[in-house]
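Asks: My structure is below; once you've seen it, I'll send some questions.
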Amino acid sequence: MEDNALNPKSVKAKGRALQNLVRDKLREAHNLCLIDDDIQSQTMGMTGEDIVLSPAARKYIPYSFECKNQERLQLWKAIEQAEANKKDKCEIAVIVKRNRTKPYALIDLDHFIDLIVAGNDSKDYMEFRQNKRNSK
């Protein structure tokens with residue numbers, strides 16, 4: 001069934017499901033240093049980021065999230081929306097999914113390369129980013 005054949009309630013439920021999945025994965029990944037209230041899913045229909053982060057969470061998760069669970073994605077509009085809602089000193093992450101597929105994260109290429117260079121250790125990554133900002 002295509003998105004345009006769904007009623008608005010179904011479309012919102014589909015979007016909410018992806019937001020909740022992202023929220024839950026972030027909570028699970030940071031359960032030792034954050035509480036559940038630090039990472040919230042935005043109420044459907046509200047403007048701004050799809051995942052709402054507390055100041056404490058923002059220290060560990062320097063991203064502004066835009067979630068799109070659609071069969072026909074207008075990718076460039078999703079990127080523009082993420083950029084418009086982006087918080088200071090954050091990178092955007094557009095999370096996309098459609099029926100019967102796993103979700104994917106779209107991030108800036110230079111940022112992706114930075115992640116590879118820094119490795120998987122978030123402490124090393126944060127130090128790498130800080131050093132890179134200080135050198136500019």
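Residue numbering restarts at 1 for every chain of the structure tokens, chains are lettered A, B, ... in their displayed order, and ligands are numbered from 1 as they appear.
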DSSP on the backbone, strand (DSSP E or B) only: what residues of chain A does that give? Format it as a PyMOL selection string.
Replies: chain A and resi 39-41+51-53+63-69+91-97+104-106
Asks: Atoms to include: C-alpha atoms. Write the selected residues as a PDB file, in the first residue's frame.
Replies:
```
ATOM      1  CA  ILE A  39      15.697  11.399  24.879  1.00  0.00           C
ATOM      2  CA  GLN A  40      12.109  11.976  23.749  1.00  0.00           C
ATOM      3  CA  SER A  41      10.161  11.536  20.538  1.00  0.00           C
ATOM      4  CA  ILE A  51      13.998  13.474  18.483  1.00  0.00           C
ATOM      5  CA  VAL A  52      14.115  15.911  21.408  1.00  0.00           C
ATOM      6  CA  LEU A  53      17.324  15.784  23.418  1.00  0.00           C
ATOM      7  CA  TYR A  63      22.761  15.400  16.172  1.00  0.00           C
ATOM      8  CA  SER A  64      19.502  16.907  14.988  1.00  0.00           C
ATOM      9  CA  PHE A  65      17.259  14.088  13.759  1.00  0.00           C
ATOM     10  CA  GLU A  66      14.684  14.081  10.991  1.00  0.00           C
ATOM     11  CA  CYS A  67      12.787  10.783  10.599  1.00  0.00           C
ATOM     12  CA  LYS A  68      10.999   9.828   7.377  1.00  0.00           C
ATOM     13  CA  ASN A  69       9.057   6.561   7.123  1.00  0.00           C
ATOM     14  CA  GLU A  91      25.150  17.578  12.675  1.00  0.00           C
ATOM     15  CA  ILE A  92      21.980  16.516  10.911  1.00  0.00           C
ATOM     16  CA  ALA A  93      20.941  12.896  10.632  1.00  0.00           C
ATOM     17  CA  VAL A  94      18.041  12.029   8.355  1.00  0.00           C
ATOM     18  CA  ILE A  95      16.697   8.594   9.268  1.00  0.00           C
ATOM     19  CA  VAL A  96      14.794   6.974   6.399  1.00  0.00           C
ATOM     20  CA  LYS A  97      12.744   3.818   6.165  1.00  0.00           C
ATOM     21  CA  TYR A 104      19.142   4.025   7.172  1.00  0.00           C
ATOM     22  CA  ALA A 105      20.874   7.172   8.425  1.00  0.00           C
ATOM     23  CA  LEU A 106      21.879   9.910   6.009  1.00  0.00           C
TER      24      LEU A 106
END
```
Asks: Need the shell around Pro62 (chain A): protein/DNA/RNA residues with any atom at most 12 Å away, counting only C-alpha atoms. Skip same-chain ones fewer than 6 positions apart. Format as a PyMOL selection string?
Replies: chain A and resi 26+51-56+86-93+111+122+125-126+129
Asks: Output the selection as a PDB file, in the first residue's frame - C-alpha atoms for each residue.
Replies:
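Full text of again-v6.pdb as output:
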```pdb
ATOM      1  CA  LEU A  26      19.442   6.008  21.355  1.00  0.00           C
ATOM      2  CA  ILE A  51      13.998  13.474  18.483  1.00  0.00           C
ATOM      3  CA  VAL A  52      14.115  15.911  21.408  1.00  0.00           C
ATOM      4  CA  LEU A  53      17.324  15.784  23.418  1.00  0.00           C
ATOM      5  CA  SER A  54      17.976  17.288  26.835  1.00  0.00           C
ATOM      6  CA  PRO A  55      21.158  19.357  27.298  1.00  0.00           C
ATOM      7  CA  ALA A  56      22.726  16.303  28.986  1.00  0.00           C
ATOM      8  CA  LYS A  86      19.165  21.893  13.232  1.00  0.00           C
ATOM      9  CA  LYS A  87      20.439  23.011  16.627  1.00  0.00           C
ATOM     10  CA  ASP A  88      23.733  24.897  16.982  1.00  0.00           C
ATOM     11  CA  LYS A  89      26.885  22.757  16.907  1.00  0.00           C
ATOM     12  CA  CYS A  90      24.938  19.698  15.774  1.00  0.00           C
ATOM     13  CA  GLU A  91      25.150  17.578  12.675  1.00  0.00           C
ATOM     14  CA  ILE A  92      21.980  16.516  10.911  1.00  0.00           C
ATOM     15  CA  ALA A  93      20.941  12.896  10.632  1.00  0.00           C
ATOM     16  CA  HIS A 111      31.116  14.082   8.903  1.00  0.00           C
ATOM     17  CA  SER A 122      32.830   8.401  21.203  1.00  0.00           C
ATOM     18  CA  TYR A 125      35.439  11.188  18.371  1.00  0.00           C
ATOM     19  CA  MET A 126      34.531  14.137  20.582  1.00  0.00           C
ATOM     20  CA  ARG A 129      35.914  17.045  16.597  1.00  0.00           C
TER      21      ARG A 129
END
```
Asks: Once DSSP has gone over the backbone, tell me which residues of region 73-131 of chain A are in alpha helix (DSSP H), as an NGL selection string.
Replies: :A and (75-85 or 109-118 or 122-131)
Asks: Take the residues that were just selected and, keeping C-alpha atoms, output them as a CSV table (one decimal), in the first residue's frame.
Replies:
```csv
chain,number,residue,atom,x,y,z
A,75,LEU,CA,15.2,13.2,-0.1
A,76,TRP,CA,16.2,16.8,-0.7
A,77,LYS,CA,13.2,18.2,1.1
A,78,ALA,CA,14.0,15.9,4.1
A,79,ILE,CA,17.5,17.3,4.1
A,80,GLU,CA,16.3,20.9,3.9
A,81,GLN,CA,13.8,20.2,6.7
A,82,ALA,CA,16.6,18.7,8.9
A,83,GLU,CA,18.9,21.7,8.2
A,84,ALA,CA,16.1,24.2,9.1
A,85,ASN,CA,15.5,22.4,12.4
A,109,LEU,CA,29.9,13.0,3.8
A,110,ASP,CA,32.7,15.0,5.6
A,111,HIS,CA,31.1,14.1,8.9
A,112,PHE,CA,31.0,10.4,7.8
A,113,ILE,CA,34.7,10.5,7.0
A,114,ASP,CA,35.4,12.1,10.4
A,115,LEU,CA,33.5,9.2,12.1
A,116,ILE,CA,35.7,6.7,10.2
A,117,VAL,CA,38.9,8.5,11.1
A,118,ALA,CA,37.9,8.9,14.8
A,122,SER,CA,32.8,8.4,21.2
A,123,LYS,CA,35.4,10.0,23.6
A,124,ASP,CA,38.0,9.8,20.8
A,125,TYR,CA,35.4,11.2,18.4
A,126,MET,CA,34.5,14.1,20.6
A,127,GLU,CA,38.2,15.0,21.1
A,128,PHE,CA,38.8,14.7,17.4
A,129,ARG,CA,35.9,17.0,16.6
A,130,GLN,CA,37.1,19.6,19.2
A,131,ASN,CA,40.6,19.5,17.9
```
Asks: In terms of the shortest atom-to-atom distance over only C-alpha atoms, which of A:Leu18, A:Met46, A:Ala13, A:Ala57 is closest to Cys33 (chain A)?
Replies: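 Once distances to Cys33 (chain A) are computed over only C-alpha atoms, the minimum belongs to A:Ala57.
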